[in-house]
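Have a look at final04.cif below; it lists mmCIF, C-alpha atoms.
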```
data_structure
loop_
_atom_site.label_atom_id
_atom_site.label_comp_id
_atom_site.auth_asym_id
_atom_site.auth_seq_id
_atom_site.Cartn_x
_atom_site.Cartn_y
_atom_site.Cartn_z
CA MET A 178 -22.32 57.56 56.70
CA ALA A 179 -22.12 59.57 53.50
CA ILE A 180 -18.99 61.31 52.29
CA ASP A 181 -19.40 65.06 52.53
CA PRO A 182 -19.22 66.36 48.92
CA ALA A 183 -17.79 69.72 50.02
CA LYS A 184 -14.99 67.95 51.91
CA GLN A 185 -14.39 65.77 48.89
CA LEU A 186 -14.10 68.80 46.62
CA GLU A 187 -11.76 70.46 49.07
CA ARG A 188 -9.57 67.37 49.31
CA ASN A 189 -9.45 66.91 45.55
CA ALA A 190 -8.54 70.56 44.98
CA ARG A 191 -5.79 70.21 47.54
CA LEU A 192 -4.42 66.99 46.02
CA MET A 193 -4.49 68.46 42.51
CA GLU A 194 -2.51 71.42 43.69
CA LEU A 195 0.02 69.20 45.47
CA LEU A 196 0.40 67.06 42.35
CA ALA A 197 0.99 70.17 40.23
CA ARG A 198 3.68 71.32 42.63
CA THR A 199 5.18 67.85 42.78
CA ALA A 200 5.49 68.04 38.99
CA LEU A 201 7.70 71.06 39.64
CA ALA A 202 9.95 68.95 41.83
CA ASP A 203 8.61 70.66 44.95
CA GLN A 204 9.64 68.28 47.71
CA HIS A 205 7.54 69.93 50.38
CA ALA A 206 4.40 69.53 48.34
CA PHE A 207 5.37 65.93 47.70
CA ALA A 208 5.87 65.36 51.43
CA GLU A 209 2.45 66.81 52.09
CA LEU A 210 0.93 64.61 49.39
CA TYR A 211 2.51 61.61 51.09
CA ARG A 212 1.25 62.71 54.49
CA LEU A 213 -2.30 63.07 53.23
CA THR A 214 -2.56 59.87 51.20
CA SER A 215 0.01 57.28 52.28
CA ALA A 216 -1.96 55.69 55.14
CA HIS A 217 -4.91 55.14 52.86
CA LEU A 218 -2.83 53.78 50.01
CA TYR A 219 -0.87 51.57 52.40
CA ALA A 220 -4.17 50.07 53.59
CA VAL A 221 -5.11 49.34 49.97
CA ALA A 222 -1.79 47.59 49.35
CA LEU A 223 -1.83 45.69 52.64
CA ARG A 224 -5.28 44.29 51.90
CA ILE A 225 -4.21 42.95 48.54
CA LEU A 226 -0.71 41.77 49.41
CA ARG A 227 -1.33 40.83 53.06
CA GLU A 228 2.31 41.15 53.89
CA SER A 229 3.74 44.37 55.27
CA ALA A 230 7.16 44.11 53.59
CA ALA A 231 5.55 43.75 50.17
CA ALA A 232 3.04 46.53 50.84
CA GLU A 233 5.84 48.85 51.96
CA GLU A 234 7.77 48.10 48.81
CA VAL A 235 4.75 48.84 46.63
CA LEU A 236 4.08 52.09 48.47
CA GLN A 237 7.68 53.16 48.05
CA GLU A 238 7.72 52.27 44.33
CA SER A 239 4.41 54.03 43.81
CA PHE A 240 5.49 57.29 45.38
CA VAL A 241 8.79 57.30 43.51
CA SER A 242 6.72 56.89 40.37
CA VAL A 243 4.39 59.71 41.42
CA TRP A 244 7.43 61.93 41.94
CA ASN A 245 8.71 61.14 38.46
CA HIS A 246 5.38 61.28 36.64
CA ALA A 247 3.28 63.82 38.52
CA GLY A 248 3.39 65.94 35.37
CA SER A 249 1.44 63.30 33.48
CA TYR A 250 -1.47 63.57 35.85
CA VAL A 251 -4.30 65.08 33.84
CA ALA A 252 -6.79 66.72 36.13
CA ALA A 253 -9.52 66.64 33.54
CA LYS A 254 -9.42 62.88 33.15
CA SER A 255 -9.41 61.44 36.63
CA GLN A 256 -9.72 62.52 40.22
CA PRO A 257 -6.35 62.81 41.95
CA PHE A 258 -7.13 60.18 44.53
CA THR A 259 -8.32 57.77 41.87
CA TRP A 260 -5.09 58.32 39.96
CA LEU A 261 -2.97 57.57 43.04
CA THR A 262 -5.03 54.51 43.93
CA SER A 263 -4.68 53.11 40.42
CA ILE A 264 -0.88 53.40 40.59
CA VAL A 265 -0.78 51.49 43.87
CA ARG A 266 -3.27 48.83 42.79
CA ASN A 267 -1.51 48.16 39.50
CA ARG A 268 1.78 47.68 41.30
CA CYS A 269 0.12 45.33 43.78
CA LEU A 270 -1.22 43.25 40.91
CA ASP A 271 2.27 43.11 39.40
CA GLN A 272 3.56 41.84 42.75
CA LEU A 273 0.89 39.17 42.92
CA ARG A 274 1.90 38.06 39.50
CA ARG A 275 5.54 37.72 40.51
CA ARG A 276 4.37 35.63 43.44
CA GLU A 277 2.38 33.39 41.14
CA VAL A 278 5.55 32.83 39.17
CA ASP A 279 7.34 31.97 42.42
CA THR A 280 4.45 29.55 43.11
CA VAL A 281 3.67 30.91 46.53
CA THR A 282 0.15 29.87 47.40
CA VAL A 283 -2.18 31.00 50.11
CA ASP A 284 -3.81 28.20 52.05
CA ASP A 285 -7.05 28.41 53.96
CA GLU A 286 -5.27 28.51 57.31
CA ASP A 287 -3.51 31.78 56.43
CA GLU A 288 -6.72 33.08 55.04
CA GLY A 289 -8.57 32.78 58.35
CA MET A 290 -5.79 34.41 60.32
CA ALA A 291 -5.39 37.32 57.98
CA LEU A 292 -9.10 37.96 57.89
CA ARG A 293 -9.33 38.03 61.66
CA ASP A 294 -6.58 40.59 61.77
CA GLU A 295 -7.89 42.88 59.07
CA GLY A 296 -11.30 43.67 60.48
CA PRO A 297 -14.22 43.96 58.07
CA THR A 298 -14.48 41.38 55.31
CA PRO A 299 -14.30 42.41 51.66
CA LEU A 300 -18.06 42.06 51.43
CA GLU A 301 -18.60 44.34 54.44
CA LEU A 302 -16.21 46.85 52.91
CA LEU A 303 -18.06 46.84 49.62
CA VAL A 304 -21.38 47.45 51.33
CA SER A 305 -20.07 50.15 53.66
CA SER A 306 -18.33 52.07 50.89
CA ALA A 307 -21.39 51.79 48.67
CA ASP A 308 -23.31 53.29 51.54
CA ALA A 309 -20.79 56.12 51.85
CA ARG A 310 -21.00 56.82 48.13
CA ALA A 311 -24.80 56.80 48.26
CA VAL A 312 -24.86 53.89 45.80
CA LYS A 313 -25.90 51.25 48.29
CA THR A 314 -28.78 50.07 46.13
CA CYS A 315 -26.31 49.30 43.33
CA VAL A 316 -24.41 46.88 45.54
CA GLU A 317 -27.58 45.49 47.07
CA GLY A 318 -28.90 44.91 43.57
CA LEU A 319 -26.12 42.41 42.88
CA GLU A 320 -26.73 38.71 43.39
CA GLY A 321 -24.96 37.12 46.36
CA GLY A 322 -22.32 35.37 44.29
CA GLN A 323 -21.66 38.44 42.16
CA LYS A 324 -21.22 40.57 45.25
CA GLN A 325 -18.83 38.09 46.89
CA ALA A 326 -16.78 37.65 43.73
CA LEU A 327 -16.45 41.39 43.06
CA ALA A 328 -15.57 42.17 46.69
CA LEU A 329 -12.87 39.50 46.88
CA ALA A 330 -11.41 40.43 43.50
CA PHE A 331 -11.39 44.13 44.29
CA TYR A 332 -10.19 44.27 47.89
CA ARG A 333 -8.04 41.17 47.92
CA GLY A 334 -6.83 41.03 44.34
CA LEU A 335 -8.02 37.46 43.78
CA SER A 336 -7.85 36.10 40.23
CA HIS A 337 -10.67 34.12 38.61
CA SER A 338 -9.09 30.80 39.60
CA GLU A 339 -8.45 31.96 43.16
CA LEU A 340 -12.07 33.10 43.36
CA ALA A 341 -13.19 29.69 42.16
CA SER A 342 -11.26 27.88 44.87
CA GLN A 343 -12.15 30.37 47.58
CA LEU A 344 -15.85 30.28 46.77
CA ARG A 345 -15.76 26.57 45.91
CA GLN A 346 -17.42 27.07 42.56
CA PRO A 347 -16.54 26.08 39.01
CA LEU A 348 -14.32 28.58 37.18
CA GLY A 349 -17.06 29.28 34.61
CA THR A 350 -19.50 30.22 37.35
CA VAL A 351 -17.22 32.78 39.03
CA LYS A 352 -16.21 34.24 35.68
CA SER A 353 -19.82 34.87 34.88
CA TRP A 354 -20.48 36.29 38.37
CA VAL A 355 -17.66 38.76 37.83
CA ARG A 356 -18.72 39.68 34.31
CA ARG A 357 -22.40 40.07 35.07
CA GLY A 358 -21.69 41.75 38.39
CA LEU A 359 -19.59 44.39 36.62
CA GLU A 360 -22.25 44.93 33.95
CA ARG A 361 -24.97 45.33 36.52
CA LEU A 362 -22.90 47.63 38.68
CA LYS A 363 -22.11 49.79 35.66
CA ALA A 364 -25.75 50.08 34.66
CA CYS A 365 -26.79 51.02 38.19
CA LEU A 366 -23.93 53.50 38.78
CA GLU A 367 -24.66 55.16 35.45
CA ALA A 368 -28.32 55.42 36.33
CA SER A 369 -27.43 57.08 39.64
CA GLY A 370 -25.14 59.55 37.89
CA MET A 371 -21.78 58.02 38.80
CA GLY A 372 -19.54 57.15 35.89
CA ARG A 373 -20.65 58.10 32.45
CA MET B 47 -8.83 39.52 20.56
CA ASN B 48 -10.76 42.37 19.08
CA TYR B 49 -10.30 45.53 21.15
CA ARG B 50 -12.09 47.57 18.49
CA ASP B 51 -15.44 46.16 19.54
CA PRO B 52 -16.63 48.75 22.11
CA ASP B 53 -18.43 46.18 24.28
CA ARG B 54 -15.37 43.98 24.33
CA ALA B 55 -13.09 46.93 25.14
CA ASP B 56 -15.43 47.98 27.94
CA ALA B 57 -15.55 44.48 29.43
CA LEU B 58 -11.76 44.16 29.33
CA ALA B 59 -11.28 47.60 30.86
CA ALA B 60 -13.64 46.63 33.69
CA GLN B 61 -11.70 43.43 34.42
CA TYR B 62 -8.42 45.33 34.16
CA VAL B 63 -9.51 47.86 36.78
CA LEU B 64 -11.12 45.22 39.00
CA GLY B 65 -7.88 43.24 38.81
CA THR B 66 -9.18 40.00 37.32
CA LEU B 67 -7.49 40.58 33.97
CA ARG B 68 -4.22 38.74 34.56
CA GLY B 69 -1.12 37.35 32.97
CA ARG B 70 -0.44 37.85 29.28
CA ALA B 71 -3.91 39.23 28.65
CA ARG B 72 -3.11 42.00 31.12
CA ASP B 73 0.26 42.66 29.47
CA ARG B 74 -1.35 42.97 26.06
CA PHE B 75 -3.97 45.29 27.46
CA VAL B 76 -1.38 47.50 29.18
CA ARG B 77 0.65 47.75 25.95
CA LEU B 78 -2.43 48.80 24.04
CA LEU B 79 -3.42 51.32 26.72
CA ARG B 80 -0.19 53.25 26.16
CA THR B 81 -1.13 54.08 22.59
CA ASP B 82 -4.92 53.85 22.42
CA ARG B 83 -6.40 57.04 23.84
CA GLY B 84 -9.94 55.77 23.44
CA LEU B 85 -9.20 52.67 25.48
CA ALA B 86 -7.47 54.78 28.12
CA ASP B 87 -10.64 56.86 28.40
CA VAL B 88 -12.73 53.73 28.92
CA VAL B 89 -10.32 52.65 31.67
CA ASN B 90 -10.55 56.08 33.28
CA VAL B 91 -14.30 55.79 33.50
CA TRP B 92 -14.04 52.35 35.11
CA GLU B 93 -11.47 53.67 37.58
CA GLU B 94 -13.86 56.41 38.63
CA ARG B 95 -16.57 53.78 39.06
CA LEU B 96 -14.63 51.20 41.02
CA LEU B 97 -11.65 52.73 42.79
CA PRO B 98 -13.68 54.92 45.17
CA PHE B 99 -14.87 51.63 46.68
CA SER B 100 -11.45 51.44 48.34
CA GLU B 101 -12.21 54.55 50.36
CA SER B 102 -14.01 52.52 53.00
CA LEU B 103 -10.73 50.95 54.07
CA SER B 104 -9.46 52.25 57.41
CA PRO B 105 -6.17 54.05 56.85
CA ILE B 106 -3.06 52.34 58.24
CA GLU B 107 0.06 54.41 58.89
CA PRO B 108 3.01 52.94 57.02
CA PRO B 109 6.29 52.66 58.96
CA ALA B 110 8.46 55.80 58.85
CA ARG B 111 11.18 53.98 56.92
CA VAL B 112 9.00 53.97 53.78
CA TRP B 113 9.19 57.75 53.54
CA SER B 114 12.94 57.86 54.23
CA GLN B 115 13.50 55.30 51.49
CA ILE B 116 11.42 57.35 49.07
CA VAL B 117 13.38 60.48 49.92
CA SER B 118 16.70 58.71 49.42
CA ARG B 119 15.54 57.54 46.00
CA ILE B 120 14.26 60.83 44.67
CA GLN B 121 17.14 63.05 45.75
CA PRO B 122 20.36 61.80 44.18
CA GLY B 123 21.18 62.39 40.52
CA ARG B 124 17.95 63.83 39.20
CA SER B 125 18.11 64.14 35.46
CA SER B 126 18.85 67.69 34.38
CA SER B 127 17.39 67.25 30.91
CA THR B 128 13.77 67.15 31.99
CA GLN B 129 14.03 68.72 35.43
CA PRO B 130 14.59 72.39 36.15
CA ALA B 131 17.70 73.65 37.94
CA SER B 132 18.27 72.49 41.49
CA ILE B 133 17.31 75.84 42.97
CA TRP B 134 13.85 74.98 41.67
CA ALA B 135 13.82 72.00 43.99
CA ASP B 136 15.31 73.86 46.92
CA LEU B 137 12.10 75.44 48.02
CA ARG B 138 12.60 76.44 51.58
CA LEU B 139 9.93 78.98 50.85
CA TRP B 140 7.41 76.19 50.89
CA ARG B 141 8.15 75.53 54.54
CA GLY B 142 5.04 75.82 56.62
CA LEU B 143 2.73 74.68 53.86
CA THR B 144 -0.64 74.57 55.50
CA LEU B 145 -3.87 72.81 54.84
CA ALA B 146 -5.97 75.57 53.42
CA GLY B 147 -6.89 74.14 50.06
CA PHE B 148 -10.49 75.03 50.66
CA VAL B 149 -9.57 78.66 50.06
CA THR B 150 -8.45 77.71 46.58
CA ALA B 151 -11.63 75.74 46.09
CA MET B 152 -13.64 78.73 47.28
CA ALA B 153 -11.84 81.06 44.89
CA LEU B 154 -12.55 78.63 42.10
CA ALA B 155 -16.16 78.42 43.13
CA ILE B 156 -16.33 82.21 42.91
CA VAL B 157 -14.85 82.08 39.42
CA LEU B 158 -17.30 79.35 38.48
CA LEU B 159 -20.27 81.22 39.83
CA SER B 160 -19.48 84.53 38.18
CA PRO B 161 -20.90 84.33 34.68
CA PRO B 162 -18.12 84.53 32.09
CA GLN B 163 -18.36 87.67 30.03
CA ARG B 164 -18.29 86.26 26.55
CA ALA B 165 -18.49 82.51 26.47
CA ASP B 166 -19.36 79.77 28.85
CA GLN B 167 -16.39 77.65 27.91
CA ALA B 168 -13.12 78.61 29.50
CA LEU B 169 -9.84 77.50 31.00
CA VAL B 170 -9.22 78.84 34.47
CA ALA B 171 -6.34 78.45 36.90
CA VAL B 172 -6.21 79.71 40.46
CA LEU B 173 -2.58 80.08 41.49
CA ALA B 174 -1.81 79.89 45.18
CA GLY B 175 1.27 80.36 47.29
CA GLN B 176 2.70 78.40 50.19
CA ASP B 177 -0.21 79.18 52.45
CA ALA B 178 -2.65 77.97 49.75
CA ARG B 179 -4.27 81.40 49.55
CA PRO B 180 -5.27 82.27 46.00
CA VAL B 181 -2.96 84.96 44.65
CA LEU B 182 -3.49 85.04 40.90
CA ILE B 183 -6.29 84.05 38.61
CA ALA B 184 -5.59 83.14 35.00
CA SER B 185 -8.36 82.62 32.50
CA VAL B 186 -8.96 82.32 28.79
CA ASP B 187 -11.91 81.38 26.63
CA ARG B 188 -11.64 77.94 25.19
CA THR B 189 -10.97 79.32 21.72
CA GLY B 190 -9.32 82.55 22.91
CA ARG B 191 -5.73 83.38 22.03
CA THR B 192 -5.00 85.65 24.98
CA LEU B 193 -4.59 84.49 28.54
CA SER B 194 -5.61 87.08 31.13
CA ILE B 195 -3.86 86.92 34.43
CA LYS B 196 -4.49 89.14 37.38
CA PRO B 197 -3.47 89.26 41.03
CA VAL B 198 -6.30 88.79 43.53
CA THR B 199 -4.62 91.52 45.58
CA PRO B 200 -1.54 93.56 44.56
CA LEU B 201 1.74 91.74 45.21
CA GLN B 202 5.00 92.99 46.71
CA LEU B 203 7.81 92.90 44.18
CA ASP B 204 11.34 94.34 44.29
CA PRO B 205 11.99 96.63 41.31
CA ASP B 206 14.90 94.48 40.17
CA ARG B 207 12.82 91.35 40.10
CA ALA B 208 10.13 89.99 37.79
CA LEU B 209 7.35 87.45 38.00
CA GLU B 210 7.39 84.92 35.19
CA LEU B 211 4.47 82.68 34.24
CA TRP B 212 5.16 79.08 33.18
CA ALA B 213 3.10 76.39 31.56
CA LEU B 214 3.90 73.01 33.11
CA PRO B 215 3.42 70.57 30.26
CA GLN B 216 2.73 66.96 30.93
CA GLY B 217 6.08 65.19 31.26
CA GLY B 218 8.15 68.11 29.94
CA ALA B 219 10.13 71.08 31.14
CA PRO B 220 8.30 74.28 32.14
CA ARG B 221 7.60 76.60 29.18
CA SER B 222 7.64 80.34 29.66
CA LEU B 223 4.41 82.16 28.83
CA GLY B 224 5.76 85.60 29.68
CA LEU B 225 6.18 88.11 32.47
CA ILE B 226 3.24 89.20 34.59
CA SER B 227 2.46 92.30 36.57
CA ALA B 228 2.39 92.47 40.37
CA SER B 229 -0.65 94.73 40.31
CA GLY B 230 -2.71 94.88 37.11
CA VAL B 231 -4.17 92.54 34.54
CA VAL B 232 -1.74 91.24 31.94
CA GLN B 233 -2.82 89.76 28.61
CA ILE B 234 -0.49 87.02 27.48
CA PRO B 235 -0.71 85.94 23.83
CA LEU B 236 -0.85 82.19 23.27
CA THR B 237 0.53 80.30 20.27
CA GLY B 238 -2.99 79.36 19.17
CA PRO B 239 -6.50 78.86 20.54
CA ALA B 240 -6.26 78.04 24.27
CA ASP B 241 -7.87 74.68 23.71
CA SER B 242 -4.88 73.48 21.70
CA ALA B 243 -2.14 75.81 22.96
CA LEU B 244 -2.69 74.54 26.52
CA ALA B 245 -3.90 71.06 25.57
CA ARG B 246 -1.26 69.09 27.44
CA VAL B 247 -0.67 71.56 30.20
CA PRO B 248 -2.17 70.44 33.52
CA ALA B 249 -0.93 73.41 35.56
CA LEU B 250 0.59 76.89 35.61
CA ALA B 251 3.21 78.30 37.94
CA VAL B 252 4.89 81.63 38.64
CA SER B 253 8.55 81.93 39.57
CA LEU B 254 10.59 84.85 40.87
CA GLU B 255 13.17 85.92 38.29
CA PRO B 256 15.68 88.71 37.67
CA ARG B 257 14.28 91.79 35.98
CA GLY B 258 13.54 90.96 32.35
CA GLY B 259 12.80 87.32 33.11
CA SER B 260 14.72 84.09 33.32
CA PRO B 261 18.00 84.32 31.39
CA THR B 262 18.05 80.56 30.75
CA GLY B 263 14.60 79.83 29.37
CA LEU B 264 13.88 77.71 32.45
CA PRO B 265 12.81 78.91 35.88
CA THR B 266 15.84 80.02 37.90
CA GLY B 267 14.13 81.34 41.02
CA PRO B 268 11.70 79.81 43.51
CA VAL B 269 8.15 78.86 42.54
CA LEU B 270 6.00 81.41 44.29
CA TYR B 271 2.57 80.35 43.08
CA SER B 272 1.07 77.45 41.20
CA GLY B 273 -2.27 75.92 40.40
CA PRO B 274 -3.98 73.36 38.15
CA ILE B 275 -5.78 74.47 34.99
CA GLN B 276 -9.49 73.75 35.28
CA ARG B 277 -11.21 73.15 31.97
CA LEU B 278 -14.77 74.39 32.19
CA PHE B 279 -16.38 72.67 29.28
#
```
For this file, write the structure as structure tokens.
Amino acid sequence: MAIDPAKQLERNARLMELLARTALADQHAFAELYRLTSAHLYAVALRILRESAAAEEVLQESFVSVWNHAGSYVAAKSQPFTWLTSIVRNRCLDQLRRREVDTVTVDDEDEGMALRDEGPTPLELLVSSADARAVKTCVEGLEGGQKQALALAFYRGLSHSELASQLRQPLGTVKSWVRRGLERLKACLEASGMGR
Amino acid sequence: MNYRDPDRADALAAQYVLGTLRGRARDRFVRLLRTDRGLADVVNVWEERLLPFSESLSPIEPPARVWSQIVSRIQPGRSSSTQPASIWADLRLWRGLTLAGFVTAMALAIVLLSPPQRADQALVAVLAGQDARPVLIASVDRTGRTLSIKPVTPLQLDPDRALELWALPQGGAPRSLGLISASGVVQIPLTGPADSALARVPALAVSLEPRGGSPTGLPTGPVLYSGPIQRLF
């Protein structure tokens, strides 16, 4: 199922406009921006943090930050949805880090339960979104380990050492899967016209 | 760690966006990102490559309390130094904002498709009102020093009121560009070539002001129209 480029353009134009109005402290535009994007961004946060209270907190922090910094959004540099997603993801990663400091660990038991609840696995998500972006061959072109490592790192926010224990591989192996996977993905996306 | 090596910078940016750059290495990278425009550009490219992969996630409605908490945090005690007067925020006029952004996109498409008269490099903004219908089109050649702004259709305006055009600089207060006409084309002189005069201005807006324009140098009336500046080059 491919994303309709006209719809995408329409959505991006709409989000840019809402961000510009949010920069003017227009609360109605901000409310509309929240209405259009929050469910998606919440799903991103929930996947990574796997705890609704933490995901809610990140969503709240992110939108307060959007309200305060909408003026710094530069349309020419990134797509509005990308900009919003990056704010949420970076805050999620900060949360994970605080958890690491608090030495909260995720055991395999939790893992299984959460995965059952959240539907498609990271790998399935990677493949289906590649399909939607018409870059399926780029994901298919990755080796199995590379694909797994990238999907888990991206959708679940796993670090190199968490990847190593999850995939039961030496740290050096997963690091190289991630590095080579990214290089290969870049080359393929560039060749298909996505990302300079 | 040498961030000046382009391959190294690219690899770190990739891991930063993917999320595998952690701990102190991430902190160092974030600090550098704030000042190194080149590195920020590399990160932007990686974000455009990777972040759309999150679009396959099924949306999940957050609980309603998230929005009420956001609202309670953004309303009290907004700083008056960087934010316009409160009337600027009190935009009951925006009530009934509808989803009609495609009209703006269409208007832009029309602008894009019409060949520019003198150069093929321009800055264009389509300003729309609460119903997202395009109302004004502003344009200037990349190196031009005069911004042309014209209503798509003539506007209603009380004789004791004026329409004032504002640049909305990144992270700063609105800056007046001048008064505009409700019916004809107005040429607004810029402080330099558009490329630099509007370099850090992501959007334009028009507010309703007393005749002669805002007495304070900041918008005092409601925002009637606004739109992002598209850079066609």
Between B:Val63, B:Leu250, B:Ile106, B:Leu225, smallest distance to chain A by only C-alpha atoms belongs to B:Ile106
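Matched in the shown structure by the PyMOL selection byres ((chain B and resi 70-87) around 9): Lys254 of chain A; Tyr49, Ala55, Asp56, Leu58, Ala59, Tyr62, Thr66, Leu67, Arg68, Gly69, Val88, Val89, Asn90, Val91 and Trp92 of chain B.
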Can you spell out as a ChimeraX atom specification the set of residues that the PyMOL selection byres ((chain A and resi 343) around 10) selects in the structure I just provided? /A:284-285,288,326,329,335,337-342,344-346
Would you kindly translate the PyMOL selection byres ((chain B and resi 192) around 9) into the concrete residues it picks from this file, as a VMD selection string? chain B and resid 185 to 187 190 to 191 193 to 194 233 to 236 238 to 240
May I ask which of the residues B:Ala249, B:Leu223, B:Val181, B:Val231 is the closest one to chain A, counting all atoms listed in the file? B:Ala249
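Note that the spacing between atom CA of Ala184 of chain B and atom CA of Val170 of chain B amounts to 5.7 Å.
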Counting all atoms listed in the file, what is within 12 Å of segment 311-314 of chain A, bar same-chain residues fewer than 5 positions away, as a CSV table (one decimal) with C-alpha atoms, in the coordinates of the input?
```csv
chain,number,residue,atom,x,y,z
A,178,MET,CA,-22.3,57.6,56.7
A,179,ALA,CA,-22.1,59.6,53.5
A,180,ILE,CA,-19.0,61.3,52.3
A,181,ASP,CA,-19.4,65.1,52.5
A,182,PRO,CA,-19.2,66.4,48.9
A,301,GLU,CA,-18.6,44.3,54.4
A,302,LEU,CA,-16.2,46.8,52.9
A,303,LEU,CA,-18.1,46.8,49.6
A,304,VAL,CA,-21.4,47.4,51.3
A,305,SER,CA,-20.1,50.2,53.7
A,306,SER,CA,-18.3,52.1,50.9
A,319,LEU,CA,-26.1,42.4,42.9
A,320,GLU,CA,-26.7,38.7,43.4
A,361,ARG,CA,-25.0,45.3,36.5
A,362,LEU,CA,-22.9,47.6,38.7
A,363,LYS,CA,-22.1,49.8,35.7
A,364,ALA,CA,-25.8,50.1,34.7
A,365,CYS,CA,-26.8,51.0,38.2
A,366,LEU,CA,-23.9,53.5,38.8
A,367,GLU,CA,-24.7,55.2,35.4
A,368,ALA,CA,-28.3,55.4,36.3
A,369,SER,CA,-27.4,57.1,39.6
A,370,GLY,CA,-25.1,59.6,37.9
A,371,MET,CA,-21.8,58.0,38.8
A,372,GLY,CA,-19.5,57.2,35.9
B,95,ARG,CA,-16.6,53.8,39.1
B,96,LEU,CA,-14.6,51.2,41.0
B,98,PRO,CA,-13.7,54.9,45.2
B,99,PHE,CA,-14.9,51.6,46.7
```
Env of segment 266-273 of chain A: 8 Å cut, atoms = only C-alpha atoms, seq-sep filter 3 positions within chain, self excluded. Answer as an MDAnalysis selection string. (chainID A and resid 221:222 225:226 231:232 235 239 262:263 276:277 334) or (chainID B and resid 65)
